[in-house]
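Below is one structure, written out as structure tokens; comments come after it.
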Amino acid sequence: MGELAVTALEAAAKALIADAAAKVAGSDFDAGQLPFSRPKDASHGDAALACFPLAKAARLAPPAAAAALADALRELTAVGGTAIASVEAVGPFVNLRYSRAMLAEDVIRGVLEQRAPFGPWDKNDKTIVIDYSSPNIAKPFHFGHLRSTVIGAALRRIYKHTGHGVVGINHLGDWGSQFGKILVAFQEWGDMARLRADPMRHLYEIYVRFKRESDADPNLNDRAAAAFRHLESGEDNVERQLWQELRDISVEAFAGPYRRLAAEFEAITGESFYEDKIDATLQALKGAGITTMSEGALVVELDGMPPCILVKSDGTTIYATRDLAALFYRRATYGFDKALYVVGGEQKLHFKQLIAVIQKLGWKEAAGIEHVDFGLVLTFDAETKRWTKFSTRGGNAIFLDEVLDEAVAKVRTIIDEKNPTLADKDAVAEAIGVGAIVFNDLKNTRIKDVKFDWDELLNFEGETGPYVQYAGARLASILRKAEVAVDDFDLSDIAWNELEDADQVLLTMQGFASVLERCIDKNEAYVLTSFVTSLAADIHSYLRGHHVLSAEEPLRRARLALVLAARNLIRDGLALLGVASPEEM
RNA sequence: GCGCCCGUAGCUCAGUUGGAUAGAGCAUCGGACUUCUAAUCCGGCGGUCGCAGGUUCGAAUCCUGCCGGGCGCGCCA
């Protein structure tokens, strides 16, 4: 475990604590064992140390160890001017408080001067490949696709911000036997004009129709299998030409949603990209001696799970084959330390198999391959009164653009009601409506299923995107009226000690580094979502009791510095999540 | 049947990896706009942390067994 990124003030405090702990328990005591945490109750102080490990090392009862540590710390900080202003032992805990002025300066300078951990972190030599969004373009781009897209896009930005080399890859599902079905469906019922007008819906229509009609006519499935065989033959035949056209139109249609969602990729290389790399991959696997024939298929036998199928008995490949080819390619091209797959939890077994195959090959990278799984999107079924899966074949899929448009429209009516004179209402409505949807998806632990609920989705109060954006807009408004230089704020001679009642805001901001670290550690964006929500709550609350523009100098300028720092951190935090920060709303 | 995941307030969820009195939002009830945006703030109500054991100074968190729900289990992705 590496050193946690901390601000200068925290580092100074930790150094003092290490010295004090050495006095209590001897110099070989590892002060890293003292958990440095935020007390739940703010009245306990700014930071708390649980002294159980220290007590063990010093052979003291925990309260006695805490008292001894507090005494030692007091001795070190008695001279004043140190990071720690006060120390108190309470039972087995030592609670400490930072110097108020130093806390304010530490955090605000850090944010405004864009210093790590607030600004971009120093580059490290790790490369992270993140496979996300990766829609199957033979199927509709429905609301469920939002999850992989926004989680992956957020993780990509968070890794980038913390100094990692990042390769975001959209592994489009543009190949495979599904495409045989869509080819046949298009030949039967497709309409090129309608396809061009609304590609996603038209493909969806014919896909659903294929599903329905193939139940009655199994011959359709045989034709679909043949179509994919023809496609995979490599010949320039009708299947190939139609596939190319459908693919091009679909890919173009995705650009819009990706722009709205702020999803960016270093590479858009679909499954078809590996078509000419499959043979080499198969040769490598065979050469490693890990393949066998089983029931007419080429497989890798695995312990404790079904075999990984590489070539089906009809001679065509399967997604596992293409995923393996992609891993070979990504290792050779990018040399990754981590390869993340932001894909739904239903595919857990598939990725377990994939990793097991790579382990059999003995790659050292195997340990860095991780399935970043997430829960399903469920809809409430009024009949059975239960949350159920959306059914594509049942035709009750909800399209992503539908949801985004609905949210934007709702925001538009709220703006007309609350802020009728606002300039550029449509752009603001887009930022807030889409932001609300993205934020909502990043709010909880990935693995939780998302219950699709219009009421909750279109509620913009409380723990929501608009709530956080609103805090940013209020702060921006103050800064506008104060006419301060937001890009070059003068930090000299700020009366930092005037900010003694901004504890909550400052302490929350101070936690930014550990928030990003936890995001990376868990591959979770919700930690950051929850951080910006807390910061917004803290600043909303602060603004209620502390007027900025009417304050006397030097308090006024100190508060403006706080306001600017909070606004920047909210904006930057939201940006990492893929949510815009309108200046006004 | 087997494997994995989930179970915390009426609802939706946090709980910093075993630490202080289990926290938010929504809903509900009551307050706060002649002052920088009320998409806000302040307060009330609301919990046998699914159940039962175990581990120890200490468990929502760890171990075991049940109960409930979800996902998956060879030629779909």
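FYI, nothing fancy with the structure tokens labels: chains A, B, ... in order, residues from 1 per chain, ligands from 1 as they appear.
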
- Item | Within 12 Å of U61 (chain B) using only C-alpha atoms (C1' of nucleotides), minus same-chain residues under 3 positions, as a list in words | U8, G15, U17, G18, G19, A22 and C49 of chain B

Output N, CA, C and O atoms (P, O5', C5', C4', C3', O3' and C1' of nucleotides) of each residue in that selection to a file, as an mmCIF file, in the first residue's frame.
```
data_model
loop_
_atom_site.group_PDB
_atom_site.id
_atom_site.type_symbol
_atom_site.label_atom_id
_atom_site.label_comp_id
_atom_site.auth_asym_id
_atom_site.auth_seq_id
_atom_site.Cartn_x
_atom_site.Cartn_y
_atom_site.Cartn_z
ATOM 1 P P U B 8 -32.202 -3.694 3.354
ATOM 2 O "O5'" U B 8 -31.326 -3.196 4.584
ATOM 3 C "C5'" U B 8 -31.623 -3.655 5.894
ATOM 4 C "C4'" U B 8 -31.154 -2.653 6.907
ATOM 5 C "C3'" U B 8 -31.740 -1.257 6.749
ATOM 6 O "O3'" U B 8 -33.035 -1.157 7.315
ATOM 7 C "C1'" U B 8 -29.407 -1.070 7.007
ATOM 8 P P G B 15 -20.354 2.892 1.455
ATOM 9 O "O5'" G B 15 -20.121 3.055 3.023
ATOM 10 C "C5'" G B 15 -19.504 4.237 3.532
ATOM 11 C "C4'" G B 15 -19.706 4.321 5.003
ATOM 12 C "C3'" G B 15 -19.227 3.102 5.794
ATOM 13 O "O3'" G B 15 -17.842 3.193 6.078
ATOM 14 C "C1'" G B 15 -21.400 3.715 6.494
ATOM 15 P P U B 17 -10.994 2.159 7.145
ATOM 16 O "O5'" U B 17 -10.214 0.836 6.706
ATOM 17 C "C5'" U B 17 -10.263 -0.258 7.562
ATOM 18 C "C4'" U B 17 -11.498 -1.111 7.297
ATOM 19 C "C3'" U B 17 -11.194 -2.613 7.337
ATOM 20 O "O3'" U B 17 -12.348 -3.275 7.866
ATOM 21 C "C1'" U B 17 -12.128 -2.059 5.262
ATOM 22 P P G B 18 -12.264 -4.716 8.432
ATOM 23 O "O5'" G B 18 -13.029 -4.667 9.830
ATOM 24 C "C5'" G B 18 -14.193 -3.867 9.994
ATOM 25 C "C4'" G B 18 -14.217 -3.280 11.383
ATOM 26 C "C3'" G B 18 -12.966 -2.489 11.760
ATOM 27 O "O3'" G B 18 -13.290 -1.439 12.669
ATOM 28 C "C1'" G B 18 -13.267 -4.222 13.280
ATOM 29 P P G B 19 -13.858 -0.049 12.096
ATOM 30 O "O5'" G B 19 -14.954 0.278 13.201
ATOM 31 C "C5'" G B 19 -15.171 1.624 13.553
ATOM 32 C "C4'" G B 19 -15.464 1.734 15.029
ATOM 33 C "C3'" G B 19 -15.167 3.119 15.585
ATOM 34 O "O3'" G B 19 -16.103 3.385 16.625
ATOM 35 C "C1'" G B 19 -13.864 1.523 16.733
ATOM 36 P P A B 22 -26.038 4.541 17.843
ATOM 37 O "O5'" A B 22 -25.866 5.063 16.353
ATOM 38 C "C5'" A B 22 -24.568 5.307 15.816
ATOM 39 C "C4'" A B 22 -24.578 5.066 14.327
ATOM 40 C "C3'" A B 22 -25.621 5.857 13.553
ATOM 41 O "O3'" A B 22 -25.101 7.117 13.190
ATOM 42 C "C1'" A B 22 -25.645 3.587 12.876
ATOM 43 P P C B 49 -30.565 -4.265 14.672
ATOM 44 O "O5'" C B 49 -31.046 -4.100 13.159
ATOM 45 C "C5'" C B 49 -30.860 -5.129 12.215
ATOM 46 C "C4'" C B 49 -30.407 -4.526 10.922
ATOM 47 C "C3'" C B 49 -29.323 -5.356 10.230
ATOM 48 O "O3'" C B 49 -29.574 -5.317 8.850
ATOM 49 C "C1'" C B 49 -28.554 -3.145 10.580
#
```

Please tabulate, as JSON lines, the residues of chain A that come within 8 Å of chain B, each with its closest pair of atoms and the distance in Å to one decimal, counting only C-alpha atoms (C1' of nucleotides) and ordering rows by chain, then residue number upward.
```
{"residue": "A:Ser37", "atom": "CA", "partner": "B:U16", "partner_atom": "C1'", "distance": 7.6}
{"residue": "A:Ala50", "atom": "CA", "partner": "B:G19", "partner_atom": "C1'", "distance": 7.2}
{"residue": "A:Asn136", "atom": "CA", "partner": "B:A77", "partner_atom": "C1'", "distance": 7.5}
{"residue": "A:Gly173", "atom": "CA", "partner": "B:A77", "partner_atom": "C1'", "distance": 7.6}
{"residue": "A:Ser177", "atom": "CA", "partner": "B:C76", "partner_atom": "C1'", "distance": 7.5}
{"residue": "A:Gln178", "atom": "CA", "partner": "B:C76", "partner_atom": "C1'", "distance": 7.2}
{"residue": "A:Ala297", "atom": "CA", "partner": "B:C75", "partner_atom": "C1'", "distance": 7.0}
{"residue": "A:Pro306", "atom": "CA", "partner": "B:G74", "partner_atom": "C1'", "distance": 6.7}
{"residue": "A:Pro307", "atom": "CA", "partner": "B:G74", "partner_atom": "C1'", "distance": 6.6}
{"residue": "A:Cys308", "atom": "CA", "partner": "B:G74", "partner_atom": "C1'", "distance": 7.5}
{"residue": "A:Ile309", "atom": "CA", "partner": "B:G74", "partner_atom": "C1'", "distance": 6.6}
{"residue": "A:Val311", "atom": "CA", "partner": "B:C75", "partner_atom": "C1'", "distance": 7.9}
{"residue": "A:Lys312", "atom": "CA", "partner": "B:C75", "partner_atom": "C1'", "distance": 4.9}
{"residue": "A:Ser313", "atom": "CA", "partner": "B:C75", "partner_atom": "C1'", "distance": 6.6}
{"residue": "A:Tyr319", "atom": "CA", "partner": "B:A77", "partner_atom": "C1'", "distance": 6.7}
{"residue": "A:Gly345", "atom": "CA", "partner": "B:C71", "partner_atom": "C1'", "distance": 7.2}
{"residue": "A:Glu346", "atom": "CA", "partner": "B:C71", "partner_atom": "C1'", "distance": 5.6}
{"residue": "A:Gln347", "atom": "CA", "partner": "B:G72", "partner_atom": "C1'", "distance": 7.7}
{"residue": "A:Lys348", "atom": "CA", "partner": "B:G72", "partner_atom": "C1'", "distance": 7.6}
{"residue": "A:Leu349", "atom": "CA", "partner": "B:G72", "partner_atom": "C1'", "distance": 6.9}
{"residue": "A:Asn444", "atom": "CA", "partner": "B:C13", "partner_atom": "C1'", "distance": 6.9}
{"residue": "A:Lys448", "atom": "CA", "partner": "B:C6", "partner_atom": "C1'", "distance": 7.7}
{"residue": "A:Phe460", "atom": "CA", "partner": "B:A39", "partner_atom": "C1'", "distance": 6.2}
{"residue": "A:Glu461", "atom": "CA", "partner": "B:A39", "partner_atom": "C1'", "distance": 6.0}
{"residue": "A:Gly462", "atom": "CA", "partner": "B:G25", "partner_atom": "C1'", "distance": 5.5}
{"residue": "A:Glu463", "atom": "CA", "partner": "B:G25", "partner_atom": "C1'", "distance": 5.4}
{"residue": "A:Pro466", "atom": "CA", "partner": "B:A39", "partner_atom": "C1'", "distance": 6.5}
{"residue": "A:Tyr467", "atom": "CA", "partner": "B:A39", "partner_atom": "C1'", "distance": 6.2}
{"residue": "A:Tyr470", "atom": "CA", "partner": "B:A39", "partner_atom": "C1'", "distance": 6.6}
{"residue": "A:Ala473", "atom": "CA", "partner": "B:U37", "partner_atom": "C1'", "distance": 7.7}
{"residue": "A:Arg474", "atom": "CA", "partner": "B:U37", "partner_atom": "C1'", "distance": 5.8}
{"residue": "A:Ser477", "atom": "CA", "partner": "B:C36", "partner_atom": "C1'", "distance": 7.2}
{"residue": "A:Ile478", "atom": "CA", "partner": "B:C36", "partner_atom": "C1'", "distance": 5.1}
{"residue": "A:Lys481", "atom": "CA", "partner": "B:C36", "partner_atom": "C1'", "distance": 7.5}
{"residue": "A:His540", "atom": "CA", "partner": "B:U40", "partner_atom": "C1'", "distance": 6.8}
{"residue": "A:Ser541", "atom": "CA", "partner": "B:C41", "partner_atom": "C1'", "distance": 6.1}
{"residue": "A:Arg544", "atom": "CA", "partner": "B:C41", "partner_atom": "C1'", "distance": 6.3}
{"residue": "A:His547", "atom": "CA", "partner": "B:C36", "partner_atom": "C1'", "distance": 6.8}
{"residue": "A:Val548", "atom": "CA", "partner": "B:C36", "partner_atom": "C1'", "distance": 6.5}
{"residue": "A:Leu549", "atom": "CA", "partner": "B:C36", "partner_atom": "C1'", "distance": 6.0}
{"residue": "A:Met585", "atom": "CA", "partner": "B:U37", "partner_atom": "C1'", "distance": 7.9}
```

- Task: Tell me, as a list in words, which residues lie within 12 Å of C45 (chain B), counting only C-alpha atoms (C1' of nucleotides); anything in the same chain fewer than 4 positions away does not count.
- Result: A9, G10, A27, U28, C29 and G30 of chain B

I need the chosen residues saved as a CSV table (one decimal), in the first residue's frame, with N, CA, C and O atoms (P, O5', C5', C4', C3', O3' and C1' of nucleotides).
```
chain,number,residue,atom,x,y,z
B,9,A,P,-34.1,-0.3,6.5
B,9,A,O5',-34.5,0.9,7.5
B,9,A,C5',-35.1,0.7,8.7
B,9,A,C4',-36.0,1.9,9.0
B,9,A,C3',-36.9,2.3,7.8
B,9,A,O3',-38.2,2.7,8.3
B,9,A,C1',-35.6,4.2,8.5
B,10,G,P,-39.4,1.7,8.4
B,10,G,O5',-40.2,1.9,7.1
B,10,G,C5',-41.4,1.1,6.8
B,10,G,C4',-42.0,1.6,5.6
B,10,G,C3',-41.1,1.8,4.4
B,10,G,O3',-41.0,0.6,3.6
B,10,G,C1',-42.2,3.9,4.8
B,27,A,P,-39.9,15.2,-1.4
B,27,A,O5',-40.8,14.1,-0.6
B,27,A,C5',-41.6,13.2,-1.4
B,27,A,C4',-42.3,12.3,-0.4
B,27,A,C3',-43.1,13.0,0.7
B,27,A,O3',-44.4,13.4,0.3
B,27,A,C1',-41.8,11.2,1.6
B,28,U,P,-44.9,14.8,0.8
B,28,U,O5',-45.1,14.6,2.4
B,28,U,C5',-46.0,13.6,2.8
B,28,U,C4',-45.9,13.4,4.3
B,28,U,C3',-46.0,14.7,5.1
B,28,U,O3',-47.3,15.2,5.3
B,28,U,C1',-44.2,13.4,5.9
B,29,C,P,-47.5,16.8,5.3
B,29,C,O5',-47.1,17.3,6.7
B,29,C,C5',-47.8,16.8,7.9
B,29,C,C4',-47.0,17.2,9.1
B,29,C,C3',-46.7,18.7,9.2
B,29,C,O3',-47.8,19.5,9.6
B,29,C,C1',-44.8,17.4,9.9
B,30,G,P,-47.8,21.0,9.0
B,30,G,O5',-46.6,21.7,9.8
B,30,G,C5',-46.7,21.9,11.2
B,30,G,C4',-45.5,22.5,11.8
B,30,G,C3',-45.0,23.8,11.1
B,30,G,O3',-45.8,24.9,11.5
B,30,G,C1',-43.1,22.4,11.6
```

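Reported to one decimal place, the separation of CA of Arg518 (chain A) from CA of Lys56 (chain A) is 28.3 Å.
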
- Task: Could you find all residues in region 225-451 of chain A that DSSP calls alpha helix (DSSP H) from the backbone, and write them as a ChimeraX atom specification?
- Result: /A:225-232,238-260,278-287,319-334,348-361,400-418,425-441
